[in-house]
Each structure stands twice: as C-alpha cells, then as structure tokens.
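The next block holds one structure in the form of structure tokens; read it before the comments.
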Amino acid sequence: MKIFIDTANIEMIREINSWGILDGVTTNPSLIAKEKTDLRTCVKKISEIVDGPISAEAISLDADGMIKEGRELAKIHKNINVKLPMCIEALKATKVLASENIDVNMTLIFSPHQALLAAKAGARFVSPFVGRLDDIGQVGSELVMQIVTIFRNYRIDTEVIAASIRHPIHALEAAMMGADIATIPYDILKKMVSHPKTDEGIKLFLADYEKSKKS
Ligand code: G3P
C-alpha cells in the first residue's frame, strides 16, 4: 500500500518524507486554510519536496470552472492531480481533464456507486472518506472493501485512496482490504511507528549493554 500524507503543513511533509516512506500528498481547502497559505504556493512548495502525486482541490461547482481550475493547477507541476468533489459536474469535468491527461482525484466518496461512476468517467484516484462514515454510524472501512472488490472484478485501474483516516486501525484496515493508497495525517503516522514493547526492548538492550561494559 502506498502512503500519502494528508496535510498542507510543509514541515510535517518534510519530516515524513525524510523517513523514506512517503509516496504522495493530499491537501484540501480545510487543510490549506489551517496553514494560512494559498493553494498555488502550497502545492508548488510540496512539489519541490515530494516526488509523487500531490492533490490540489478545485473549488468550482460547475464543470467549466472545474476544467479551467484543473488546467491551471496541472500547470504548476507534473505531479499535481486535481481533486474534484463527487457530483455530476465533476464527472463531466473528469471526462475532459482525463482526455487531456490531467489526473483527477474524485473526493468526498461515500458510496461504491459514486466510486464506480468516477472511475468510469476517467478519474485516476477515488477517495472514500472512512472516518466521516464512522461518524454517522456506518463502517467506513467496508466502503473501501466494496470499492476495491468492484475495481478488481472489472480490472479498473483507478486507484483507491482510503481517506479521512483517524487512527492506526483505519490504516490497518485499508491495507487489509487492499486499498492502493492510504492518505494519513501526521500524528497517525507517528502513532504507527511506535509500540510500547519496542520502547521497552530498546531500554532493556541499552541497559544490558551498559552492564556488559562494566563486567
Ligand atoms: O483526506 C480527507 C481528509 O482530509 C478528511 O479527513 O478527518 O476531516 O474527515 P477528516
């Protein structure tokens, strides 16, 4: 499973990239607003750090606007893909952008039907929102499983990005269910590194090493 970081924070991106595990970055208007920056500046900076897909979200709600924004965003760097919110206008825009070899990440996917339609229109990625489904009492990870199954049934090469990941178990479930990618916030990536038994083991090895020096 590829790992993307879900943030617009440059320092966090730099840090996780230095771990050697980072395959790409997703941003959205909420994450950009949190960093008090603008989309163009932010994704340009990210493209100088990470060599992998970077999602930049359009804010238009009509196909012509999405296409115009998509073309502009794609010009910033070859790794930029255009995030569009799932709707009929976004399907129309995806068809056009895909025909121009501009990658689309269809976001705000909450049903397998939406994912299938996005893939048919030509999206390179679909982003099911796991945590937000959990929020309303549904099992978000089941959606990932349904989409992965459908795409496998028909050999659809659109990649599934498990998004709205809120804790390490979501990342684990995404991997178990065969998501191509999980886009994970910084704090959760840090949680995925640690295990109390690893910390305990490191302490024990060091203590034994110190003892052996004295003997
Ligand atoms: O990738 C989508 C993500 O940013 C949404 O996460 O936690 O706001 O549902 P959340």
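Going through the structure tokens in order, the chains are called A, B, and so on, while each chain numbers its residues from 1 and the ligands are numbered from 1 in the order shown.
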
- Where in segment 118-186 of chain A does DSSP assign strand (DSSP E), given as a PyMOL selection string? chain A and resi 125-128+159-162+181-184

How about saving the chosen residues, C-alpha atoms kept, as a JSON list (two decimals), in the first residue's frame?
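Result went into again.json, see below:
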[["chain", "number", "residue", "atom", "x", "y", "z"],
["A", 125, "PHE", "CA", -7.98, 8.17, -7.96],
["A", 126, "VAL", "CA", -11.12, 7.89, -5.82],
["A", 127, "SER", "CA", -11.09, 8.93, -2.18],
["A", 128, "PRO", "CA", -13.58, 7.18, 0.10],
["A", 159, "GLU", "CA", -6.53, 3.75, -7.53],
["A", 160, "VAL", "CA", -8.40, 3.72, -4.23],
["A", 161, "ILE", "CA", -7.18, 6.24, -1.66],
["A", 162, "ALA", "CA", -8.51, 5.48, 1.83],
["A", 181, "ILE", "CA", -3.15, 4.12, -1.01],
["A", 182, "ALA", "CA", -3.98, 5.45, 2.45],
["A", 183, "THR", "CA", -3.66, 9.17, 2.99],
["A", 184, "ILE", "CA", -2.77, 9.59, 6.63]]

- Message: Distance limit 9 Å, reference ligand 1, atoms considered: only C-alpha atoms and all ligand atoms. Which residues make the cut? Give them as a ChimeraX atom specification.
- Response: /A:5-7,26-28,30-31,107-108,127-133,135,161-166,182-185

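Closest to Ser99 of chain A among A:Met177, A:Arg124, A:Pro112, A:Asp62 is A:Arg124, based on only C-alpha atoms.
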
- Extract the full set of helix (DSSP H, G or I) residues from chain A according to DSSP on the backbone, and format it as JSON, numbers by chain. {"A": [10, 11, 12, 13, 14, 15, 16, 17, 18, 29, 30, 31, 32, 33, 34, 39, 40, 41, 42, 43, 44, 45, 46, 47, 48, 49, 63, 64, 65, 66, 67, 68, 69, 70, 71, 72, 73, 74, 75, 76, 88, 89, 90, 91, 92, 93, 94, 95, 96, 97, 98, 99, 112, 113, 114, 115, 116, 117, 118, 119, 120, 121, 130, 131, 132, 133, 134, 135, 140, 141, 142, 143, 144, 145, 146, 147, 148, 149, 150, 151, 152, 153, 168, 169, 170, 171, 172, 173, 174, 175, 176, 177, 186, 187, 188, 189, 190, 191, 192, 193, 196, 197, 198, 199, 200, 201, 202, 203, 204, 205, 206, 207, 208, 209, 210, 211, 212, 213, 214]}

- Message: I'd like the neighbourhood of His77 of chain A as a list of chain:residue names, where a residue qualifies if any of its atoms comes within 9 Å (using only C-alpha atoms), though same-chain residues fewer than 5 positions away should be ignored.
- Response: A:Val43, A:Lys44, A:Ser47

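Nearest-residue note for Arg152 of chain A: choosing from A:Ile202, A:Gly178, A:Ile46, A:Ile109, the minimum distance belongs to A:Gly178, counting only C-alpha atoms.
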
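Counting only C-alpha atoms, segment 85-89 of chain A has the following residues at most 10 Å away, ignoring those fewer than 6 positions along the same chain: Glu57, Ala58, Ile59, Ser60, Leu61, Asp62, Ala63, Asp64, Gly65, Met66, Ile67, Asn105, Met106, Thr107, Leu108, Ile109, Phe110, Gln114, Ala115, Leu117, Ala118, Val126 and Ser127 of chain A.
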
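With only C-alpha atoms taken into account, the protein and nucleic acid residues at most 6 Å from Phe4 of chain A (excluding it and anything under 2 positions from it in its own chain) are Leu22, Asp23, Gly24, Val25 and Thr183 of chain A.
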
Please list as a tab-separated table (two decimals) with N, CA and C atoms, in the first residue's frame every residue within 12 Å of Glu15 of chain A, counting only C-alpha atoms and excluding residues in the same chain fewer than 6 positions away.
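The new file part_18.tsv reads:
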chain	number	residue	atom	x	y	z
A	5	ILE	N	0.63	11.54	2.76
A	5	ILE	CA	0.31	12.30	3.97
A	5	ILE	C	-0.83	13.27	3.63
A	9	ASN	N	0.84	21.06	5.71
A	9	ASN	CA	1.91	21.61	6.54
A	9	ASN	C	3.28	21.18	5.99
A	21	ILE	N	9.29	6.90	3.53
A	21	ILE	CA	8.06	6.09	3.38
A	21	ILE	C	6.98	6.81	2.57
A	22	LEU	N	7.28	8.03	2.13
A	22	LEU	CA	6.19	8.86	1.60
A	22	LEU	C	6.07	8.75	0.07
A	49	ILE	N	9.46	19.13	-2.65
A	49	ILE	CA	9.91	18.21	-1.60
A	49	ILE	C	9.62	16.75	-1.97
A	50	VAL	N	8.41	16.51	-2.44
A	50	VAL	CA	7.95	15.12	-2.63
A	50	VAL	C	7.86	14.76	-4.12
A	186	TYR	N	-0.33	13.38	9.89
A	186	TYR	CA	0.99	13.30	10.54
A	186	TYR	C	0.96	12.56	11.88
A	187	ASP	N	0.04	12.94	12.76
A	187	ASP	CA	0.00	12.33	14.11
A	187	ASP	C	-0.22	10.83	14.05
A	189	LEU	N	0.61	8.86	11.50
A	189	LEU	CA	1.84	8.22	11.00
A	189	LEU	C	2.81	8.02	12.17
A	190	LYS	N	2.88	9.02	13.06
A	190	LYS	CA	3.78	8.88	14.21
A	190	LYS	C	3.32	7.74	15.13

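The closest residue to Asn81 of chain A, picked from A:Thr94, A:Ser55, A:Gly20, A:Ala174 and counting only C-alpha atoms, is A:Ser55.
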
- Query: Quick one: distance from atom CA of Val104 of chain A to atom CA of Leu172 of chain A in Å, one decimal?
  - Reply: 25.4 Å

- Query: Between A:Lys34, A:Asp199, A:Ser111, A:His167, which has the minimum distance to Met145 of chain A (counting only C-alpha atoms)?
  - Reply: A:Ser111

- Spatial neighbours of Glu100 of chain A, 12 Å, only C-alpha atoms, chain gap at least 2 places, as a PyMOL selection string: chain A and resi 67+70-71+74+93-98+102-104+122

Could you turn the residues from that selection into a file that holds N, CA, C and O atoms, as an mmCIF file, in the first residue's frame?
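The result, stored in selection_23.cif:
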data_model
loop_
_atom_site.group_PDB
_atom_site.id
_atom_site.type_symbol
_atom_site.label_atom_id
_atom_site.label_comp_id
_atom_site.auth_asym_id
_atom_site.auth_seq_id
_atom_site.Cartn_x
_atom_site.Cartn_y
_atom_site.Cartn_z
ATOM 1 N N ILE A 67 -12.858 22.529 -14.928
ATOM 2 C CA ILE A 67 -11.895 22.248 -16.012
ATOM 3 C C ILE A 67 -10.846 23.359 -16.061
ATOM 4 O O ILE A 67 -9.646 23.110 -16.141
ATOM 5 N N GLY A 70 -8.652 23.069 -13.072
ATOM 6 C CA GLY A 70 -7.841 21.854 -13.219
ATOM 7 C C GLY A 70 -6.660 22.089 -14.144
ATOM 8 O O GLY A 70 -5.530 21.706 -13.842
ATOM 9 N N ARG A 71 -6.925 22.740 -15.265
ATOM 10 C CA ARG A 71 -5.839 23.015 -16.231
ATOM 11 C C ARG A 71 -4.785 23.907 -15.592
ATOM 12 O O ARG A 71 -3.592 23.690 -15.767
ATOM 13 N N ALA A 74 -2.802 21.922 -12.930
ATOM 14 C CA ALA A 74 -1.908 20.918 -13.537
ATOM 15 C C ALA A 74 -0.643 21.557 -14.100
ATOM 16 O O ALA A 74 0.389 20.888 -14.217
ATOM 17 N N ALA A 93 -16.397 17.149 -15.826
ATOM 18 C CA ALA A 93 -15.057 17.756 -15.825
ATOM 19 C C ALA A 93 -13.974 16.677 -15.886
ATOM 20 O O ALA A 93 -12.963 16.834 -16.573
ATOM 21 N N THR A 94 -14.211 15.559 -15.199
ATOM 22 C CA THR A 94 -13.224 14.469 -15.197
ATOM 23 C C THR A 94 -13.026 13.920 -16.599
ATOM 24 O O THR A 94 -11.896 13.667 -17.030
ATOM 25 N N LYS A 95 -14.134 13.745 -17.304
ATOM 26 C CA LYS A 95 -14.047 13.224 -18.680
ATOM 27 C C LYS A 95 -13.113 14.108 -19.524
ATOM 28 O O LYS A 95 -12.232 13.617 -20.215
ATOM 29 N N VAL A 96 -13.296 15.426 -19.402
ATOM 30 C CA VAL A 96 -12.483 16.343 -20.209
ATOM 31 C C VAL A 96 -11.034 16.354 -19.716
ATOM 32 O O VAL A 96 -10.093 16.214 -20.511
ATOM 33 N N LEU A 97 -10.850 16.488 -18.406
ATOM 34 C CA LEU A 97 -9.478 16.566 -17.877
ATOM 35 C C LEU A 97 -8.711 15.278 -18.172
ATOM 36 O O LEU A 97 -7.545 15.313 -18.564
ATOM 37 N N ALA A 98 -9.371 14.139 -18.012
ATOM 38 C CA ALA A 98 -8.690 12.857 -18.276
ATOM 39 C C ALA A 98 -8.280 12.764 -19.748
ATOM 40 O O ALA A 98 -7.208 12.250 -20.056
ATOM 41 N N ILE A 102 -4.812 14.959 -17.624
ATOM 42 C CA ILE A 102 -4.733 15.592 -16.305
ATOM 43 C C ILE A 102 -5.427 14.639 -15.326
ATOM 44 O O ILE A 102 -6.591 14.283 -15.516
ATOM 45 N N ASP A 103 -4.676 14.224 -14.306
ATOM 46 C CA ASP A 103 -5.217 13.249 -13.352
ATOM 47 C C ASP A 103 -6.231 13.889 -12.414
ATOM 48 O O ASP A 103 -6.020 15.004 -11.914
ATOM 49 N N VAL A 104 -7.316 13.148 -12.160
ATOM 50 C CA VAL A 104 -8.350 13.618 -11.228
ATOM 51 C C VAL A 104 -8.412 12.674 -10.028
ATOM 52 O O VAL A 104 -8.360 11.454 -10.179
ATOM 53 N N GLY A 122 -13.191 8.443 -15.743
ATOM 54 C CA GLY A 122 -11.752 8.591 -16.035
ATOM 55 C C GLY A 122 -10.894 9.068 -14.879
ATOM 56 O O GLY A 122 -9.731 9.426 -15.091
#
